[in-house]
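Below is run.pdb, which holds PDB, C-alpha atoms.
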MODEL        1
ATOM      1  CA  MET A   1      -3.655 -16.293  17.768  1.00  0.00           C
ATOM      2  CA  ALA A   2      -4.609 -13.250  15.652  1.00  0.00           C
ATOM      3  CA  HIS A   3      -3.397 -10.939  18.410  1.00  0.00           C
ATOM      4  CA  SER A   4       0.005 -12.620  18.709  1.00  0.00           C
ATOM      5  CA  ARG A   5       0.450 -12.629  14.910  1.00  0.00           C
ATOM      6  CA  PHE A   6      -0.443  -8.942  14.678  1.00  0.00           C
ATOM      7  CA  ALA A   7       1.731  -8.062  17.690  1.00  0.00           C
ATOM      8  CA  ALA A   8       4.708  -9.709  15.978  1.00  0.00           C
ATOM      9  CA  ALA A   9       4.014  -7.821  12.743  1.00  0.00           C
ATOM     10  CA  LYS A  10       3.571  -4.435  14.417  1.00  0.00           C
ATOM     11  CA  GLY A  11       6.924  -4.465  16.213  1.00  0.00           C
ATOM     12  CA  GLY A  12       7.419  -1.313  18.288  1.00  0.00           C
ATOM     13  CA  LEU A  13       4.574   0.628  16.640  1.00  0.00           C
ATOM     14  CA  SER A  14       1.287   1.358  18.356  1.00  0.00           C
ATOM     15  CA  TYR A  15      -1.653  -0.748  17.198  1.00  0.00           C
ATOM     16  CA  TRP A  16      -3.209   2.130  15.294  1.00  0.00           C
ATOM     17  CA  GLU A  17       0.086   3.126  13.611  1.00  0.00           C
ATOM     18  CA  ALA A  18       0.723  -0.495  12.627  1.00  0.00           C
ATOM     19  CA  VAL A  19      -2.719  -0.701  10.993  1.00  0.00           C
ATOM     20  CA  ARG A  20      -2.148   2.598   9.169  1.00  0.00           C
ATOM     21  CA  ARG A  21       1.261   1.523   7.804  1.00  0.00           C
ATOM     22  CA  SER A  22       0.456  -2.109   7.060  1.00  0.00           C
ATOM     23  CA  LYS A  23       0.583  -3.300   3.458  1.00  0.00           C
ATOM     24  CA  ASP A  24      -0.824  -6.677   4.526  1.00  0.00           C
ATOM     25  CA  PRO A  25      -4.510  -6.284   5.510  1.00  0.00           C
ATOM     26  CA  PRO A  26      -5.094  -9.922   6.557  1.00  0.00           C
ATOM     27  CA  THR A  27      -2.809  -9.395   9.567  1.00  0.00           C
ATOM     28  CA  PHE A  28      -5.132  -6.796  11.063  1.00  0.00           C
ATOM     29  CA  LEU A  29      -8.439  -7.893   9.496  1.00  0.00           C
ATOM     30  CA  VAL A  30      -8.538 -11.091  11.531  1.00  0.00           C
ATOM     31  CA  LEU A  31      -7.740  -9.163  14.717  1.00  0.00           C
ATOM     32  CA  PHE A  32     -10.497  -6.609  14.010  1.00  0.00           C
ATOM     33  CA  GLU A  33     -13.045  -9.305  13.155  1.00  0.00           C
ATOM     34  CA  ASP A  34     -12.231 -11.387  16.228  1.00  0.00           C
ATOM     35  CA  SER A  35     -12.265  -8.336  18.504  1.00  0.00           C
ATOM     36  CA  ALA A  36     -15.600  -7.168  17.077  1.00  0.00           C
ATOM     37  CA  ALA A  37     -17.055 -10.647  17.598  1.00  0.00           C
ATOM     38  CA  LEU A  38     -15.920 -10.723  21.243  1.00  0.00           C
ATOM     39  CA  PHE A  39     -17.212  -7.212  21.969  1.00  0.00           C
ATOM     40  CA  GLY A  40     -20.460  -8.093  20.179  1.00  0.00           C
ATOM     41  CA  LEU A  41     -20.899 -11.150  22.384  1.00  0.00           C
ATOM     42  CA  ALA A  42     -20.240  -9.055  25.491  1.00  0.00           C
ATOM     43  CA  ILE A  43     -22.815  -6.474  24.384  1.00  0.00           C
ATOM     44  CA  ALA A  44     -25.349  -9.227  23.642  1.00  0.00           C
ATOM     45  CA  LEU A  45     -24.731 -10.781  27.065  1.00  0.00           C
ATOM     46  CA  LEU A  46     -25.202  -7.439  28.824  1.00  0.00           C
ATOM     47  CA  GLY A  47     -28.330  -6.606  26.809  1.00  0.00           C
ATOM     48  CA  THR A  48     -29.898 -10.016  27.412  1.00  0.00           C
ATOM     49  CA  PHE A  49     -28.996  -9.919  31.105  1.00  0.00           C
ATOM     50  CA  ALA A  50     -30.438  -6.418  31.516  1.00  0.00           C
ATOM     51  CA  ALA A  51     -33.607  -7.358  29.644  1.00  0.00           C
ATOM     52  CA  GLN A  52     -34.125 -10.452  31.825  1.00  0.00           C
ATOM     53  CA  TYR A  53     -33.095  -8.861  35.133  1.00  0.00           C
ATOM     54  CA  LEU A  54     -35.092  -5.655  34.646  1.00  0.00           C
ATOM     55  CA  GLY A  55     -37.940  -7.315  32.756  1.00  0.00           C
ATOM     56  CA  ASP A  56     -37.707  -4.821  29.883  1.00  0.00           C
ATOM     57  CA  PRO A  57     -36.993  -6.072  26.307  1.00  0.00           C
ATOM     58  CA  LEU A  58     -35.838  -2.573  25.392  1.00  0.00           C
ATOM     59  CA  TYR A  59     -32.323  -3.460  26.607  1.00  0.00           C
ATOM     60  CA  ASP A  60     -32.130  -6.426  24.250  1.00  0.00           C
ATOM     61  CA  GLY A  61     -33.057  -4.134  21.360  1.00  0.00           C
ATOM     62  CA  LEU A  62     -30.528  -1.510  22.434  1.00  0.00           C
ATOM     63  CA  ALA A  63     -27.852  -4.221  22.565  1.00  0.00           C
ATOM     64  CA  SER A  64     -28.741  -5.254  18.996  1.00  0.00           C
ATOM     65  CA  ILE A  65     -28.395  -1.652  17.838  1.00  0.00           C
ATOM     66  CA  ALA A  66     -25.059  -1.326  19.658  1.00  0.00           C
ATOM     67  CA  ILE A  67     -23.784  -4.501  17.965  1.00  0.00           C
ATOM     68  CA  GLY A  68     -24.855  -3.118  14.594  1.00  0.00           C
ATOM     69  CA  LEU A  69     -23.031   0.151  15.264  1.00  0.00           C
ATOM     70  CA  LEU A  70     -19.926  -1.770  16.394  1.00  0.00           C
ATOM     71  CA  LEU A  71     -19.901  -3.833  13.185  1.00  0.00           C
ATOM     72  CA  ALA A  72     -20.481  -0.752  11.040  1.00  0.00           C
ATOM     73  CA  GLY A  73     -17.602   1.026  12.783  1.00  0.00           C
ATOM     74  CA  VAL A  74     -15.225  -1.905  12.308  1.00  0.00           C
ATOM     75  CA  GLY A  75     -16.302  -2.177   8.664  1.00  0.00           C
ATOM     76  CA  ALA A  76     -15.644   1.534   8.103  1.00  0.00           C
ATOM     77  CA  VAL A  77     -12.155   1.304   9.629  1.00  0.00           C
ATOM     78  CA  ILE A  78     -11.316  -1.769   7.535  1.00  0.00           C
ATOM     79  CA  ALA A  79     -12.594  -0.095   4.363  1.00  0.00           C
ATOM     80  CA  ARG A  80     -10.631   3.063   5.079  1.00  0.00           C
ATOM     81  CA  GLU A  81      -7.388   1.221   5.781  1.00  0.00           C
ATOM     82  CA  THR A  82      -7.589  -1.135   2.799  1.00  0.00           C
ATOM     83  CA  LYS A  83      -8.935   1.173   0.080  1.00  0.00           C
ATOM     84  CA  ASP A  84      -5.518   2.561  -0.837  1.00  0.00           C
ATOM     85  CA  LEU A  85      -4.257  -0.936  -1.567  1.00  0.00           C
ATOM     86  CA  LEU A  86      -7.346  -1.624  -3.649  1.00  0.00           C
ATOM     87  CA  ILE A  87      -6.798   1.414  -5.844  1.00  0.00           C
ATOM     88  CA  GLY A  88      -3.001   1.342  -5.749  1.00  0.00           C
ATOM     89  CA  GLU A  89      -1.176   3.081  -2.937  1.00  0.00           C
ATOM     90  CA  ARG A  90       2.226   4.631  -3.619  1.00  0.00           C
ATOM     91  CA  ALA A  91       5.203   2.490  -2.572  1.00  0.00           C
ATOM     92  CA  SER A  92       7.485   3.656   0.225  1.00  0.00           C
ATOM     93  CA  GLY A  93       9.877   6.548  -0.358  1.00  0.00           C
ATOM     94  CA  THR A  94      12.807   4.297   0.518  1.00  0.00           C
ATOM     95  CA  LEU A  95      11.871   1.853  -2.231  1.00  0.00           C
ATOM     96  CA  GLU A  96      11.351   4.661  -4.741  1.00  0.00           C
ATOM     97  CA  ARG A  97      14.712   6.284  -3.935  1.00  0.00           C
ATOM     98  CA  SER A  98      16.482   2.962  -4.270  1.00  0.00           C
ATOM     99  CA  ILE A  99      14.911   2.254  -7.653  1.00  0.00           C
ATOM    100  CA  MET A 100      15.717   5.758  -8.905  1.00  0.00           C
ATOM    101  CA  GLN A 101      19.345   5.287  -7.794  1.00  0.00           C
ATOM    102  CA  LEU A 102      19.537   1.898  -9.542  1.00  0.00           C
ATOM    103  CA  ALA A 103      18.040   3.349 -12.723  1.00  0.00           C
ATOM    104  CA  GLY A 104      20.314   6.399 -12.712  1.00  0.00           C
ATOM    105  CA  SER A 105      23.426   4.277 -12.280  1.00  0.00           C
ATOM    106  CA  GLU A 106      22.622   1.847 -15.104  1.00  0.00           C
ATOM    107  CA  ALA A 107      25.099   2.051 -18.009  1.00  0.00           C
ATOM    108  CA  GLY A 108      23.515   3.865 -20.958  1.00  0.00           C
ATOM    109  CA  VAL A 109      21.005   5.766 -18.828  1.00  0.00           C
ATOM    110  CA  GLU A 110      21.822   9.459 -18.941  1.00  0.00           C
ATOM    111  CA  ARG A 111      19.217  10.422 -16.360  1.00  0.00           C
ATOM    112  CA  ALA A 112      16.411   8.871 -14.328  1.00  0.00           C
ATOM    113  CA  ASN A 113      13.750  11.572 -14.686  1.00  0.00           C
ATOM    114  CA  GLY A 114      11.087  10.284 -12.344  1.00  0.00           C
ATOM    115  CA  MET A 115       8.843   7.406 -11.434  1.00  0.00           C
ATOM    116  CA  LEU A 116       5.402   6.347 -10.340  1.00  0.00           C
ATOM    117  CA  SER A 117       4.852   3.341  -8.111  1.00  0.00           C
ATOM    118  CA  PHE A 118       1.780   1.435  -7.041  1.00  0.00           C
ATOM    119  CA  GLN A 119       1.733  -0.793  -3.949  1.00  0.00           C
ATOM    120  CA  LEU A 120      -0.953  -3.370  -4.650  1.00  0.00           C
ATOM    121  CA  GLY A 121      -0.163  -5.694  -1.726  1.00  0.00           C
ATOM    122  CA  PRO A 122       2.612  -6.546   0.707  1.00  0.00           C
ATOM    123  CA  ASP A 123       4.709  -8.162  -2.033  1.00  0.00           C
ATOM    124  CA  HIS A 124       3.260  -6.543  -5.155  1.00  0.00           C
ATOM    125  CA  VAL A 125       4.668  -3.262  -6.438  1.00  0.00           C
ATOM    126  CA  VAL A 126       4.316  -1.914  -9.978  1.00  0.00           C
ATOM    127  CA  VAL A 127       6.851   0.692 -11.130  1.00  0.00           C
ATOM    128  CA  THR A 128       6.873   3.066 -14.081  1.00  0.00           C
ATOM    129  CA  LEU A 129      10.100   4.897 -14.896  1.00  0.00           C
ATOM    130  CA  SER A 130      10.905   7.839 -17.124  1.00  0.00           C
ATOM    131  CA  LEU A 131      14.486   7.438 -18.328  1.00  0.00           C
ATOM    132  CA  GLU A 132      16.704   9.427 -20.666  1.00  0.00           C
ATOM    133  CA  PHE A 133      19.044   7.175 -22.625  1.00  0.00           C
ATOM    134  CA  ALA A 134      22.297   8.119 -24.352  1.00  0.00           C
ATOM    135  CA  ASP A 135      21.574   9.478 -27.842  1.00  0.00           C
ATOM    136  CA  HIS A 136      23.933   7.093 -29.629  1.00  0.00           C
ATOM    137  CA  LEU A 137      22.104   3.956 -28.450  1.00  0.00           C
ATOM    138  CA  THR A 138      20.066   1.843 -30.858  1.00  0.00           C
ATOM    139  CA  THR A 139      16.690   0.366 -29.997  1.00  0.00           C
ATOM    140  CA  PRO A 140      18.103  -3.154 -29.373  1.00  0.00           C
ATOM    141  CA  GLU A 141      20.752  -1.637 -27.072  1.00  0.00           C
ATOM    142  CA  ILE A 142      18.077   0.247 -25.118  1.00  0.00           C
ATOM    143  CA  GLU A 143      16.054  -2.959 -24.815  1.00  0.00           C
ATOM    144  CA  THR A 144      19.114  -4.737 -23.398  1.00  0.00           C
ATOM    145  CA  ILE A 145      19.719  -1.931 -20.896  1.00  0.00           C
ATOM    146  CA  ILE A 146      16.078  -2.071 -19.786  1.00  0.00           C
ATOM    147  CA  ALA A 147      16.267  -5.866 -19.355  1.00  0.00           C
ATOM    148  CA  GLN A 148      19.415  -5.487 -17.230  1.00  0.00           C
ATOM    149  CA  LEU A 149      17.816  -2.727 -15.175  1.00  0.00           C
ATOM    150  CA  GLU A 150      14.770  -4.923 -14.539  1.00  0.00           C
ATOM    151  CA  GLN A 151      17.053  -7.702 -13.294  1.00  0.00           C
ATOM    152  CA  HIS A 152      18.899  -5.304 -10.974  1.00  0.00           C
ATOM    153  CA  ILE A 153      15.665  -3.855  -9.589  1.00  0.00           C
ATOM    154  CA  ARG A 154      14.097  -7.278  -9.015  1.00  0.00           C
ATOM    155  CA  ALA A 155      17.276  -8.572  -7.369  1.00  0.00           C
ATOM    156  CA  ALA A 156      17.236  -5.640  -4.926  1.00  0.00           C
ATOM    157  CA  HIS A 157      13.441  -5.521  -4.540  1.00  0.00           C
ATOM    158  CA  PRO A 158      11.685  -8.839  -5.197  1.00  0.00           C
ATOM    159  CA  GLU A 159       8.347  -7.223  -4.347  1.00  0.00           C
ATOM    160  CA  VAL A 160       8.484  -5.313  -7.666  1.00  0.00           C
ATOM    161  CA  ILE A 161       6.369  -7.458  -9.983  1.00  0.00           C
ATOM    162  CA  ALA A 162       6.209  -5.190 -13.044  1.00  0.00           C
ATOM    163  CA  ILE A 163       8.423  -2.424 -14.420  1.00  0.00           C
ATOM    164  CA  PHE A 164       7.433  -0.116 -17.257  1.00  0.00           C
ATOM    165  CA  VAL A 165       9.985   2.212 -18.833  1.00  0.00           C
ATOM    166  CA  LYS A 166       9.185   5.317 -20.847  1.00  0.00           C
ATOM    167  CA  PRO A 167      12.246   6.610 -22.716  1.00  0.00           C
ATOM    168  CA  GLN A 168      12.146  10.422 -22.822  1.00  0.00           C
ATOM    169  CA  THR A 169      14.440  13.362 -22.366  1.00  0.00           C
ATOM    170  CA  ALA A 170      14.552  15.272 -19.124  1.00  0.00           C
ATOM    171  CA  SER A 171      13.117  18.364 -20.810  1.00  0.00           C
ATOM    172  CA  THR A 172      10.147  16.413 -22.221  1.00  0.00           C
ATOM    173  CA  TYR A 173       9.533  14.794 -18.839  1.00  0.00           C
ATOM    174  CA  GLY A 174       9.709  18.199 -17.118  1.00  0.00           C
ATOM    175  CA  ARG A 175       7.342  19.800 -19.631  1.00  0.00           C
ATOM    176  CA  ILE A 176       4.778  17.011 -19.308  1.00  0.00           C
ATOM    177  CA  ALA A 177       5.032  16.988 -15.509  1.00  0.00           C
ATOM    178  CA  GLN A 178       4.507  20.757 -15.475  1.00  0.00           C
ATOM    179  CA  GLU A 179       1.471  20.533 -17.764  1.00  0.00           C
ATOM    180  CA  ARG A 180      -0.161  17.627 -15.898  1.00  0.00           C
ATOM    181  CA  TYR A 181       0.830  18.158 -12.308  1.00  0.00           C
ATOM    182  CA  GLY A 182       2.205  21.667 -12.021  1.00  0.00           C
ATOM    183  CA  THR A 183       5.648  20.335 -11.077  1.00  0.00           C
ATOM    184  CA  GLY A 184       8.963  19.838 -12.785  1.00  0.00           C
ATOM    185  CA  GLY A 185       9.293  16.185 -11.770  1.00  0.00           C
TER     186      GLY A 185
ENDMDL
END
Representation of the structure as structure tokens:
Amino acid sequence: MAHSRFAAAKGGLSYWEAVRRSKDPPTFLVLFEDSAALFGLAIALLGTFAAQYLGDPLYDGLASIAIGLLLAGVGAVIARETKDLLIGERASGTLERSIMQLAGSEAGVERANGMLSFQLGPDHVVVTLSLEFADHLTTPEIETIIAQLEQHIRAAHPEVIAIFVKPQTASTYGRIAQERYGTGG
């Protein structure tokens, strides 16, 4: 069952590429755990058979070590592939470009300076935006624009669960980006 579920999720990608790109660890965790269990049983069977057939318990011990190494390897792969989601992996470039386009086209927004995104799960993205608003706008007007922008972003991308907006001019954003990251945005 885990294999068929993962095969459906991976589409035309190779197994390894599907694991690397997946934002939904449970789809491949079950497959890895089940596969490790089956290989572990096969190793145990071979080790026990060899120990009995050859009369040497060394093979049973070697099989136990091999099972331990198999489990450690699977654990390392799982940890490597899920750590980015645990600490907040960047959302896809397509999603980021779409959000920047939505923000830049919102009435009252002079310029969408830049953004940071954090993919916390398959349907959990947090977005921070740096936006330059028209100078004549009052604080309540800016709040209304931000509320409308949030609605537009969530309508287009329901996976975005939180949006934070930092109003700042393009020059301030560029200066800060240069100081912190060595880039202009």
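What the PyMOL selection byres ((chain A and resi 156) around 12) grabs from this file is A:Leu95, A:Glu96, A:Ser98, A:Ile99, A:Gln101, A:Leu102, A:Ala103, A:Leu149, A:Glu150, A:Gln151, A:His152, A:Ile153, A:Arg154, A:Ala155, A:His157, A:Pro158, A:Glu159, A:Val160.
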Selection from above, C-alpha atoms, as a PDB file, keeping the file's coordinate frame, can you write it?
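Just written: result-v3.pdb:
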ATOM      1  CA  LEU A  95      11.871   1.853  -2.231  1.00  0.00           C
ATOM      2  CA  GLU A  96      11.351   4.661  -4.741  1.00  0.00           C
ATOM      3  CA  SER A  98      16.482   2.962  -4.270  1.00  0.00           C
ATOM      4  CA  ILE A  99      14.911   2.254  -7.653  1.00  0.00           C
ATOM      5  CA  GLN A 101      19.345   5.287  -7.794  1.00  0.00           C
ATOM      6  CA  LEU A 102      19.537   1.898  -9.542  1.00  0.00           C
ATOM      7  CA  ALA A 103      18.040   3.349 -12.723  1.00  0.00           C
ATOM      8  CA  LEU A 149      17.816  -2.727 -15.175  1.00  0.00           C
ATOM      9  CA  GLU A 150      14.770  -4.923 -14.539  1.00  0.00           C
ATOM     10  CA  GLN A 151      17.053  -7.702 -13.294  1.00  0.00           C
ATOM     11  CA  HIS A 152      18.899  -5.304 -10.974  1.00  0.00           C
ATOM     12  CA  ILE A 153      15.665  -3.855  -9.589  1.00  0.00           C
ATOM     13  CA  ARG A 154      14.097  -7.278  -9.015  1.00  0.00           C
ATOM     14  CA  ALA A 155      17.276  -8.572  -7.369  1.00  0.00           C
ATOM     15  CA  HIS A 157      13.441  -5.521  -4.540  1.00  0.00           C
ATOM     16  CA  PRO A 158      11.685  -8.839  -5.197  1.00  0.00           C
ATOM     17  CA  GLU A 159       8.347  -7.223  -4.347  1.00  0.00           C
ATOM     18  CA  VAL A 160       8.484  -5.313  -7.666  1.00  0.00           C
TER      19      VAL A 160
END
List the residues matched by the PyMOL selection byres ((chain A and resi 37-49) around 10) in the displayed structure as a CSV table (one decimal) with C-alpha atoms, in the coordinates of the input, ordered by chain and then by residue number.
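Heads up, here's the output in result_13.csv:
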chain,number,residue,atom,x,y,z
A,31,LEU,CA,-7.7,-9.2,14.7
A,32,PHE,CA,-10.5,-6.6,14.0
A,33,GLU,CA,-13.0,-9.3,13.2
A,34,ASP,CA,-12.2,-11.4,16.2
A,35,SER,CA,-12.3,-8.3,18.5
A,36,ALA,CA,-15.6,-7.2,17.1
A,50,ALA,CA,-30.4,-6.4,31.5
A,51,ALA,CA,-33.6,-7.4,29.6
A,52,GLN,CA,-34.1,-10.5,31.8
A,53,TYR,CA,-33.1,-8.9,35.1
A,54,LEU,CA,-35.1,-5.7,34.6
A,55,GLY,CA,-37.9,-7.3,32.8
A,56,ASP,CA,-37.7,-4.8,29.9
A,57,PRO,CA,-37.0,-6.1,26.3
A,58,LEU,CA,-35.8,-2.6,25.4
A,59,TYR,CA,-32.3,-3.5,26.6
A,60,ASP,CA,-32.1,-6.4,24.2
A,61,GLY,CA,-33.1,-4.1,21.4
A,62,LEU,CA,-30.5,-1.5,22.4
A,63,ALA,CA,-27.9,-4.2,22.6
A,64,SER,CA,-28.7,-5.3,19.0
A,65,ILE,CA,-28.4,-1.7,17.8
A,66,ALA,CA,-25.1,-1.3,19.7
A,67,ILE,CA,-23.8,-4.5,18.0
A,68,GLY,CA,-24.9,-3.1,14.6
A,69,LEU,CA,-23.0,0.2,15.3
A,70,LEU,CA,-19.9,-1.8,16.4
A,71,LEU,CA,-19.9,-3.8,13.2
Enter the distance from CA of Arg111 in chain A to CA of Pro140 in chain A, in Å, rounded to one decimal.
-> 18.8 Å
Just need the box for range 67-83 of chain A, edges along x, y and z, holding every atom the file lists for it with 5 Å tacked onto each side, so centre and edge lengths in Å to one decimal, as JSON.
{"center_x": -16.1, "center_y": -0.7, "center_z": 9.0, "size_x": 27.5, "size_y": 17.6, "size_z": 27.9}
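Residues with any atom within 9 Å of Met115 in chain A, counting all atoms listed in the file and excluding same-chain neighbours fewer than 6 positions away, are Glu96, Ile99, Met100, Val127, Thr128, Leu129, Ser130, Leu131 and Gly185 of chain A.
One distance worth recording is that between CA of Arg90 in chain A and CA of Gln168 in chain A, which is 22.4 Å.
Here the question is which of A:Ala112, A:Gly12, A:Glu81, A:Val125 gets nearest to Phe28 in chain A using only C-alpha atoms, and that residue is A:Glu81.
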A straight line from CA of Arg80 in chain A to CA of Ala162 in chain A spans 26.1 Å
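For Glu143 in chain A, the set of protein, DNA and RNA residues having any atom at most 12 Å away, when counting all atoms listed in the file and skipping those fewer than 3 positions along the same chain, is Gly108, Val109, Phe133, Leu137, Thr138, Thr139, Pro140, Ile146, Ala147, Gln148, Leu149, Glu150, Phe164, Val165, Lys166 and Pro167 of chain A.
With all atoms listed in the file as the atoms that count, the residue of A:Glu17, A:Glu89, A:Glu179, A:Ser171 with the shortest distance to Glu132 in chain A is A:Ser171.
Of the residues under consideration (A:Ala107, A:Ile176, A:Ile161, A:Val30), A:Ile161 shows the shortest atom-to-atom contact distance to Pro122 in chain A when counting all atoms listed in the file.
Closest approach to Ser117 in chain A among A:Ala72, A:Thr82, A:Ile163, A:Thr144 is made by A:Ile163 (distances from all atoms listed in the file).
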Which of A:Leu29, A:Ala91, A:Val126, A:Gln178 sits closest to Ile78 in chain A [using only C-alpha atoms] = A:Leu29
